[in-house]
Every structure is written in C-alpha cells, then in structure tokens.
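J.: The following file, model-v4.csv, comprises CSV, C-alpha atoms:
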```
chain,number,residue,atom,x,y,z
W,1,SER,CA,-16.1,-11.7,11.4
W,2,ARG,CA,-14.3,-8.7,12.8
W,3,LEU,CA,-12.2,-8.3,9.6
W,4,LEU,CA,-15.4,-8.5,7.5
W,5,SER,CA,-17.0,-5.8,9.6
W,6,LEU,CA,-13.9,-3.6,9.2
W,7,LEU,CA,-14.0,-4.0,5.4
W,8,SER,CA,-17.7,-3.3,5.1
W,9,ALA,CA,-17.7,-0.4,7.5
W,10,ALA,CA,-14.7,1.4,5.9
W,11,ALA,CA,-16.8,2.4,2.9
W,12,ALA,CA,-18.8,4.8,5.2
W,13,CYS,CA,-15.8,7.1,5.7
W,14,ASP,CA,-13.5,9.4,3.9
W,15,ALA,CA,-10.1,10.4,5.1
W,16,VAL,CA,-6.6,11.4,4.1
W,17,PRO,CA,-4.1,9.3,2.0
W,18,PRO,CA,-2.4,6.6,4.0
W,19,PHE,CA,1.3,6.2,4.6
W,20,GLU,CA,3.0,2.9,4.8
W,21,MET,CA,3.7,2.2,8.5
W,22,ALA,CA,6.4,0.3,10.3
W,23,THR,CA,7.4,-0.3,13.9
W,24,PHE,CA,10.5,1.6,14.9
W,25,ARG,CA,11.6,3.5,18.0
W,26,ARG,CA,12.1,7.2,17.5
W,27,ASP,CA,15.8,8.1,17.8
W,28,PRO,CA,17.4,10.3,15.2
W,29,THR,CA,20.9,9.0,16.1
W,30,LEU,CA,20.1,5.5,15.0
W,31,THR,CA,20.5,4.2,11.5
W,32,LEU,CA,18.4,1.4,10.0
W,33,THR,CA,20.1,-1.8,9.3
W,34,MET,CA,20.2,-3.1,5.7
W,35,LYS,CA,18.9,-6.3,7.1
W,36,LEU,CA,15.7,-4.5,7.9
W,37,LEU,CA,15.5,-1.9,5.1
W,38,LEU,CA,15.9,-4.0,2.0
W,39,PRO,CA,13.5,-6.9,2.8
W,40,ALA,CA,10.9,-4.6,4.3
W,41,LEU,CA,10.9,-2.1,1.4
W,42,LEU,CA,11.2,-4.7,-1.4
W,43,ALA,CA,8.3,-6.7,0.1
W,44,GLY,CA,6.3,-3.5,0.6
W,45,THR,CA,6.5,-2.5,-3.0
W,46,ALA,CA,6.4,-5.9,-4.6
W,47,SER,CA,2.8,-5.8,-5.9
W,48,ALA,CA,3.5,-2.5,-7.7
W,49,PHE,CA,5.6,-4.4,-10.3
W,50,ALA,CA,4.0,-5.9,-13.4
W,51,PRO,CA,5.5,-9.1,-14.6
W,52,THR,CA,9.0,-8.6,-15.9
W,53,GLY,CA,12.0,-10.9,-16.0
W,54,ALA,CA,12.2,-12.4,-19.5
W,55,ALA,CA,8.9,-10.8,-20.5
W,56,PRO,CA,9.5,-8.1,-23.2
W,57,LYS,CA,8.4,-4.5,-22.8
W,58,SER,CA,4.9,-3.7,-24.1
W,59,THR,CA,5.1,-1.9,-27.4
W,60,THR,CA,1.5,-2.0,-28.4
W,61,ALA,CA,-0.2,1.4,-28.0
W,62,MET,CA,-3.4,1.0,-26.0
W,63,LYS,CA,-4.8,4.5,-25.6
W,64,GLU,CA,-8.1,4.2,-23.9
W,65,SER,CA,-11.3,6.3,-24.4
W,66,VAL,CA,-14.3,7.0,-22.2
W,67,ALA,CA,-16.0,4.1,-24.0
W,68,ASP,CA,-13.2,1.8,-22.9
W,69,LEU,CA,-13.6,3.0,-19.3
W,70,GLU,CA,-17.3,2.3,-19.5
W,71,THR,CA,-16.7,-1.2,-20.7
W,72,LEU,CA,-14.1,-1.8,-18.0
W,73,ALA,CA,-16.5,-0.5,-15.3
W,74,GLY,CA,-19.1,-3.0,-16.4
W,75,LYS,CA,-16.6,-5.8,-15.9
W,76,LEU,CA,-15.5,-4.6,-12.6
W,77,ASN,CA,-18.9,-3.9,-11.1
W,78,PRO,CA,-22.0,-4.6,-13.3
W,79,ILE,CA,-24.3,-3.1,-10.6
W,80,VAL,CA,-22.6,0.3,-10.2
W,81,GLY,CA,-21.2,0.5,-13.7
W,82,PHE,CA,-19.3,3.6,-14.9
W,83,TYR,CA,-19.2,6.2,-12.2
W,84,ASP,CA,-17.2,9.5,-12.6
W,85,PRO,CA,-18.9,12.2,-10.5
W,86,LEU,CA,-16.0,14.6,-11.0
W,87,ASP,CA,-16.0,14.0,-14.8
W,88,LEU,CA,-12.2,13.4,-14.7
W,89,SER,CA,-12.3,11.2,-17.7
W,90,SER,CA,-13.4,14.0,-20.0
W,91,GLN,CA,-10.7,16.4,-18.8
W,92,ASN,CA,-7.4,17.5,-20.5
W,93,PHE,CA,-4.8,17.5,-17.8
W,94,TRP,CA,-1.9,19.9,-18.5
W,95,GLY,CA,-3.5,20.6,-21.9
W,96,LYS,CA,-2.9,17.0,-23.0
W,97,PRO,CA,-5.4,15.0,-25.1
W,98,GLN,CA,-8.2,13.2,-23.4
W,99,GLU,CA,-6.7,9.8,-24.0
W,100,GLU,CA,-3.5,10.8,-22.3
W,101,THR,CA,-5.4,12.1,-19.3
W,102,ILE,CA,-7.2,8.8,-19.1
W,103,GLY,CA,-3.9,7.0,-19.2
W,104,PHE,CA,-2.7,9.1,-16.2
W,105,ILE,CA,-5.9,8.4,-14.3
W,106,ARG,CA,-5.7,4.7,-14.9
W,107,GLU,CA,-2.0,4.5,-13.8
W,108,ALA,CA,-2.8,6.6,-10.7
W,109,GLU,CA,-5.7,4.3,-9.7
W,110,ILE,CA,-3.7,1.1,-10.0
W,111,LYS,CA,-0.8,2.6,-8.1
W,112,HIS,CA,-2.9,3.9,-5.3
W,113,GLY,CA,-4.8,0.6,-5.1
W,114,ARG,CA,-1.6,-1.3,-4.7
W,115,ILE,CA,-0.3,1.0,-2.0
W,116,ALA,CA,-3.6,0.9,-0.2
W,117,MET,CA,-3.6,-2.9,-0.2
W,118,PHE,CA,-0.2,-2.9,1.5
W,119,ALA,CA,-1.2,-0.1,3.9
W,120,PHE,CA,-4.4,-2.1,4.9
W,121,VAL,CA,-2.5,-5.3,5.6
W,122,GLY,CA,0.4,-3.3,7.2
W,123,TYR,CA,-2.1,-1.6,9.5
W,124,LEU,CA,-3.5,-4.9,10.6
W,125,ALA,CA,-0.1,-6.4,11.1
W,126,HIS,CA,1.2,-3.5,13.3
W,127,ALA,CA,-2.1,-3.3,15.2
W,128,ASN,CA,-1.6,-6.9,16.2
W,129,GLY,CA,2.1,-6.4,17.3
W,130,VAL,CA,3.6,-8.2,14.3
W,131,THR,CA,7.3,-7.1,13.9
W,132,PHE,CA,10.4,-8.4,12.2
W,133,PRO,CA,12.5,-10.9,14.3
W,134,TRP,CA,15.8,-9.1,13.7
W,135,ALA,CA,17.2,-5.9,15.1
W,136,MET,CA,15.8,-2.6,14.0
W,137,THR,CA,18.9,-0.5,14.0
W,138,MET,CA,22.7,-0.8,13.5
W,139,SER,CA,23.1,-0.6,17.3
W,140,GLY,CA,20.9,-3.7,17.8
W,141,GLU,CA,17.8,-1.8,19.0
W,142,LYS,CA,14.8,-4.1,19.0
W,143,PHE,CA,11.4,-3.2,17.6
W,144,PRO,CA,9.2,-1.5,20.2
W,145,THR,CA,5.8,-2.8,21.1
W,146,GLY,CA,2.6,-1.2,22.2
W,147,LEU,CA,2.4,1.4,19.4
W,148,THR,CA,-0.5,2.0,17.1
W,149,PRO,CA,0.2,1.8,13.4
W,150,PRO,CA,0.5,5.6,12.9
W,151,GLU,CA,2.6,6.0,16.0
W,152,ALA,CA,4.9,3.3,14.5
W,153,TRP,CA,5.5,5.6,11.5
W,154,ASP,CA,6.2,8.5,13.9
W,155,ALA,CA,8.8,6.3,15.7
W,156,ILE,CA,10.9,5.7,12.6
W,157,PRO,CA,14.3,7.4,12.8
W,158,ASP,CA,14.8,10.2,10.3
W,159,ALA,CA,17.5,8.1,8.6
W,160,GLY,CA,15.0,5.4,8.0
W,161,LYS,CA,12.3,7.8,6.7
W,162,LEU,CA,14.7,9.3,4.2
W,163,GLN,CA,15.8,5.9,2.9
W,164,ILE,CA,12.1,5.0,2.4
W,165,PHE,CA,11.4,8.2,0.6
W,166,LEU,CA,14.5,7.8,-1.6
W,167,PHE,CA,13.7,4.2,-2.5
W,168,VAL,CA,10.1,5.0,-3.4
W,169,GLY,CA,11.3,8.0,-5.4
W,170,PHE,CA,13.7,5.8,-7.3
W,171,LEU,CA,10.9,3.4,-8.2
W,172,GLU,CA,8.8,6.4,-9.4
W,173,PHE,CA,11.7,7.7,-11.5
W,174,TRP,CA,12.4,4.2,-13.0
W,175,ARG,CA,8.8,3.8,-13.9
W,176,GLU,CA,8.7,7.1,-15.7
W,177,VAL,CA,12.0,6.8,-17.7
W,178,ALA,CA,12.5,3.1,-18.3
W,179,SER,CA,9.2,2.1,-19.9
W,180,GLU,CA,9.4,1.8,-23.6
W,181,THR,CA,5.9,3.3,-24.0
W,182,HIS,CA,4.8,5.8,-21.4
W,183,TYR,CA,1.3,5.2,-19.8
W,184,MET,CA,0.1,8.5,-21.1
W,185,LYS,CA,1.2,7.6,-24.6
W,186,GLY,CA,-0.5,4.3,-25.0
W,187,GLY,CA,1.6,2.2,-22.6
W,188,LYS,CA,0.1,-0.4,-20.3
W,189,PRO,CA,-1.2,1.1,-17.0
W,190,GLY,CA,0.5,-0.4,-14.0
W,191,TYR,CA,3.4,-1.8,-16.0
W,192,PHE,CA,6.8,-1.7,-14.2
W,193,PRO,CA,9.8,-2.0,-16.4
W,194,PRO,CA,12.5,-4.6,-15.5
W,195,PHE,CA,15.8,-3.5,-14.1
W,196,ASP,CA,18.6,-3.5,-16.6
W,197,ALA,CA,21.6,-5.7,-15.6
W,198,LYS,CA,23.9,-2.9,-16.8
W,199,PHE,CA,22.7,-0.6,-14.1
W,200,ILE,CA,21.1,-2.8,-11.4
W,201,PRO,CA,23.2,-5.8,-10.2
W,202,GLY,CA,21.2,-9.1,-10.6
W,203,GLY,CA,19.6,-8.2,-13.9
W,204,ALA,CA,15.9,-7.8,-14.5
W,205,LEU,CA,14.8,-8.3,-10.9
W,206,ASN,CA,11.2,-9.5,-11.1
W,207,LEU,CA,9.6,-8.3,-7.8
W,208,TYR,CA,6.0,-8.9,-9.0
W,209,ASP,CA,6.4,-12.5,-10.1
W,210,PRO,CA,9.6,-13.9,-8.6
W,211,PHE,CA,8.6,-17.5,-9.2
W,212,GLY,CA,7.5,-17.0,-12.8
W,213,ARG,CA,3.9,-18.2,-12.3
W,214,ASN,CA,2.5,-15.7,-14.7
W,215,LYS,CA,4.3,-17.2,-17.6
W,216,SER,CA,2.0,-20.2,-17.4
W,217,MET,CA,-1.2,-18.2,-17.2
W,218,THR,CA,-3.5,-17.7,-20.2
W,219,GLU,CA,-4.4,-14.2,-21.4
W,220,GLU,CA,-7.9,-14.7,-20.1
W,221,GLN,CA,-6.5,-15.6,-16.6
W,222,LYS,CA,-4.2,-12.5,-16.7
W,223,ALA,CA,-7.2,-10.3,-17.6
W,224,THR,CA,-9.3,-11.7,-14.8
W,225,GLY,CA,-6.4,-11.1,-12.4
W,226,LEU,CA,-6.1,-7.5,-13.4
W,227,LEU,CA,-9.9,-7.0,-12.7
W,228,ARG,CA,-9.5,-8.5,-9.3
W,229,GLU,CA,-6.5,-6.3,-8.6
W,230,LEU,CA,-8.5,-3.2,-9.4
W,231,ASN,CA,-11.4,-4.2,-7.3
W,232,ASN,CA,-9.2,-5.3,-4.4
W,233,GLY,CA,-7.3,-2.0,-4.6
W,234,ARG,CA,-10.6,0.0,-4.5
W,235,LEU,CA,-11.8,-1.9,-1.5
W,236,ALA,CA,-8.4,-1.5,0.3
W,237,GLN,CA,-8.6,2.3,-0.3
W,238,LEU,CA,-11.9,2.4,1.4
W,239,GLY,CA,-10.6,0.1,4.2
W,240,ILE,CA,-7.6,2.1,5.1
W,241,PHE,CA,-9.5,5.4,4.8
W,242,GLY,CA,-12.0,3.9,7.4
W,243,PHE,CA,-9.1,3.1,9.8
W,244,LEU,CA,-7.6,6.5,9.5
W,245,CYS,CA,-11.0,8.3,9.8
W,246,GLU,CA,-12.0,6.4,12.9
W,247,SER,CA,-8.6,7.1,14.5
W,248,LYS,CA,-9.1,10.9,14.0
W,249,ILE,CA,-12.8,11.1,14.6
W,250,PRO,CA,-13.8,8.4,17.1
W,251,GLY,CA,-17.3,7.0,16.2
W,252,SER,CA,-17.2,8.2,12.6
W,253,VAL,CA,-17.2,4.6,11.5
W,254,PRO,CA,-19.6,2.9,13.9
W,255,ALA,CA,-18.4,-0.7,13.2
W,256,LEU,CA,-14.9,0.4,14.1
W,257,LYS,CA,-15.8,2.2,17.3
W,258,GLY,CA,-13.7,0.9,20.2
W,259,ILE,CA,-11.5,-1.1,17.8
W,260,ILE,CA,-9.3,1.5,16.2
W,261,PRO,CA,-7.4,3.6,18.8
W,262,ALA,CA,-7.3,7.4,18.5
W,263,TYR,CA,-4.3,9.1,17.0
W,264,ASP,CA,-3.4,12.7,17.8
W,265,GLY,CA,-0.9,13.2,15.0
W,266,ASP,CA,-1.4,14.6,11.5
W,267,TYR,CA,-1.6,12.1,8.6
W,268,MET,CA,-1.0,14.9,6.1
W,269,ALA,CA,2.3,15.8,7.8
W,270,PRO,CA,4.4,12.6,8.0
W,271,LEU,CA,7.4,14.5,9.4
W,272,ALA,CA,5.5,16.5,11.9
W,273,LYS,CA,7.2,14.8,14.8
W,274,SER,CA,10.6,14.8,13.2
W,275,ILE,CA,13.4,17.4,13.3
W,276,LEU,CA,13.4,17.8,9.5
W,277,PRO,CA,10.6,20.4,9.2
W,278,HIS,CA,12.6,22.6,11.6
W,279,LEU,CA,15.9,22.6,9.7
```
In structure tokens, what does this structure look like?
T.:
Amino acid sequence: SRLLSLLSAAAACDAVPPFEMATFRRDPTLTLTMKLLLPALLAGTASAFAPTGAAPKSTTAMKESVADLETLAGKLNPIVGFYDPLDLSSQNFWGKPQEETIGFIREAEIKHGRIAMFAFVGYLAHANGVTFPWAMTMSGEKFPTGLTPPEAWDAIPDAGKLQIFLFVGFLEFWREVASETHYMKGGKPGYFPPFDAKFIPGGALNLYDPFGRNKSMTEEQKATGLLRELNNGRLAQLGIFGFLCESKIPGSVPALKGIIPAYDGDYMAPLAKSILPHL
C-alpha cells in the first residue's frame, strides 16, 4: 500500500532529473572493483537495449508525423489523449524537418523513461539498505549502510563516477554511430544496435533480451510491450521526480511526508561533493 501511495503521489510534484544511485563510501583513493562495476552497470542499462542478438538491424524508414503521435497517444491513454502543451511536436530542432524533430523527441522520451524506471527501483533498493554482497573497492572496502539514495551517489569514489560516465558515454556513442538508420532519419526509436564481434569480445551482446524470449513473441505482443514500456517510463519519471522533490522540499508531496528523508545536496551538480569541480 505504501508503494502504491508513493506512485500516485509522485505525480503531484516536479523536480530535477534523477541520477542513478549506488551505495559507496566516499574515498578518492579507492578504485572500484571490476566485480562491482561491470555487473552493476550492465544491469543498470539493460532495459535501454532493444532486442539484438541474431535480429537484423531495422532498415525500414518509419518517420512519424503529428498524426502518428496522436494515434499513439490514444493507444497509450485514451482518456488524456494527445497532450503537447509546449508544442514540441511542431518544432524544427536545429533547422531539421518536423519528422526528424519528432524522431528526436520519441527517442528522448523512451530513453528517459528507461533511465527513470531504473532510478525509481534503485531509489527503493538503496532506501531499504539493499547492497551487493561483494566488496565495493579493490582494497576490500564493504558497502556502507545508513545512507539515503542521493547520499549514496555522493559517496561514490571519483574513480567510480568517471567509470560510470565513460560507460554511459560509450553507450550513447554506440547508439548514434552503429545504427543502420538513425532515429531522426526514420530509424526505430529506442533501438540499440548489437555489438559487433570484431570490436566487442563476445559478439552481439544482447543485454535487453539475453534469453531470447522476444523471438517467440508475435508482432502484436511486441507492440503491446512497447506501449507498456512507454507508460511505465512516464509513471517512473513522475515517481522519481516525487522522491527528489520531497527530499528537497519536505511536505511538497503530502503522501511522501515523513517517508523520504531530506537531502542537502544539489541534484543538478552530481560532482558538487567531489574534488573534480575544483581541479
């Protein structure tokens, strides 16, 4: 019941973008173990990968129009329907055609929704003291306890933060350059290209569907799954925003009052408590 109240109350608040949180002790001299880094990061980005493996790259141009967005909105939420108060769908970002702007917006929403889902679950996990059972650093340092989720991020050693940033940056780079058809040129929004065995050991690593379950799904089932992902992503964004807002402005989300602890840091400055900004 508490989880349901958290989800419903989160929609009442707006806040700053979330950052993925992990539980580490702050010590710039420590280095993250590969035992921790690879499983944590690969798991934390798994849902951002569209089915790959043996599946071929999409070559069908699917540039979307405002009419397509209106149709999609009706499937996602028949009650609300198409809602674009900022009129973003009719814009021409960077002087590009409207269809390319829509492709950019669609990709951005899917990506932010996926990250928000992991952020929401990650917040709950750290808030309940869930940590990995192995050592946190090369020196054998254990995961600290008693930290709030945002404090857990502040406690990550600089070496760990840089590895996270570099890994995510690589995923962004690979998405941009390895897709046969770019999402602004008619490519499928949310698609993540497989890793080429010539460059990445292990071949086309399928992080989204490691067990190949999607291969047995019908096109109708896949379409339904995509709609669910969009709706879950939107709800997760509202949920994590609610957590962050309540932590900065106690009482701003009534249902979360007394549940989410206060945070005196700055969500928009993830390295504020690090030595990096002072170099």
J.: If you take all atoms listed in the file and a cut-off of 10 Å, which residues of segment 107-194 of chain W touch segment 209-232 of chain W, and what are their nearest atom pairs and distances in Å to one decimal, in chain and number order, as a Markdown table?
T.:
```
| residue | atom | partner | partner_atom | distance |
| --- | --- | --- | --- | --- |
| W:Glu109 | CA | W:Leu230 | CA | 8.0 |
| W:Ile110 | CA | W:Leu230 | CA | 6.5 |
| W:Lys111 | CA | W:Leu230 | CA | 9.7 |
| W:His112 | CA | W:Leu230 | CA | 9.9 |
| W:Gly113 | CA | W:Leu230 | CA | 6.8 |
| W:Arg114 | CA | W:Glu229 | CA | 8.0 |
| W:Ala116 | CA | W:Asn232 | CA | 9.4 |
| W:Met117 | CA | W:Asn232 | CA | 7.4 |
| W:Gly190 | CA | W:Leu226 | CA | 9.7 |
```
J.: Would you work out the distance separating atom CA of Tyr263 of chain W from atom CA of Arg234 of chain W, expressed in Å to one decimal?
T.: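 The value is 24.2 Å.
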J.: Quick one: everything within 8 Å of Glu100 of chain W, counting all atoms listed in the file, minus sequence neighbours fewer than 4 positions away in the same chain. Send it as a list in words.
T.: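 Contacts, with the query itself left out: Lys63, Asn92, Lys96, Phe104, Tyr183, Met184, Lys185 and Gly186 of chain W.
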J.: Let me make sure I understand: among W:Pro193, W:Pro150, W:Pro144, W:Pro133, which one has the smallest atom-to-atom distance to Phe243 of chain W if we use all atoms listed in the file?
T.: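 Closest candidate: W:Pro150.
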J.: So, with all atoms listed in the file as the atoms that count, which of W:Ala125, W:Phe132, W:Phe82, W:Lys142 lies closest to Glu70 of chain W?
T.: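 Checking each of W:Ala125, W:Phe132, W:Phe82, W:Lys142 against Glu70 of chain W, counting all atoms listed in the file, the winner is W:Phe82.
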J.: Please, which residues are within 6 Å of (-11.1, 1.6, 12.5) by the file's coordinates, counting only C-alpha atoms, and could they come as a PyMOL selection string?
T.: chain W and resi 242-243+246+256+259-260
J.: Atom CA of Gly265 of chain W and atom CA of Glu141 of chain W, how far apart in Å?
T.: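 Here the two named atoms are 24.3 Å from each other.
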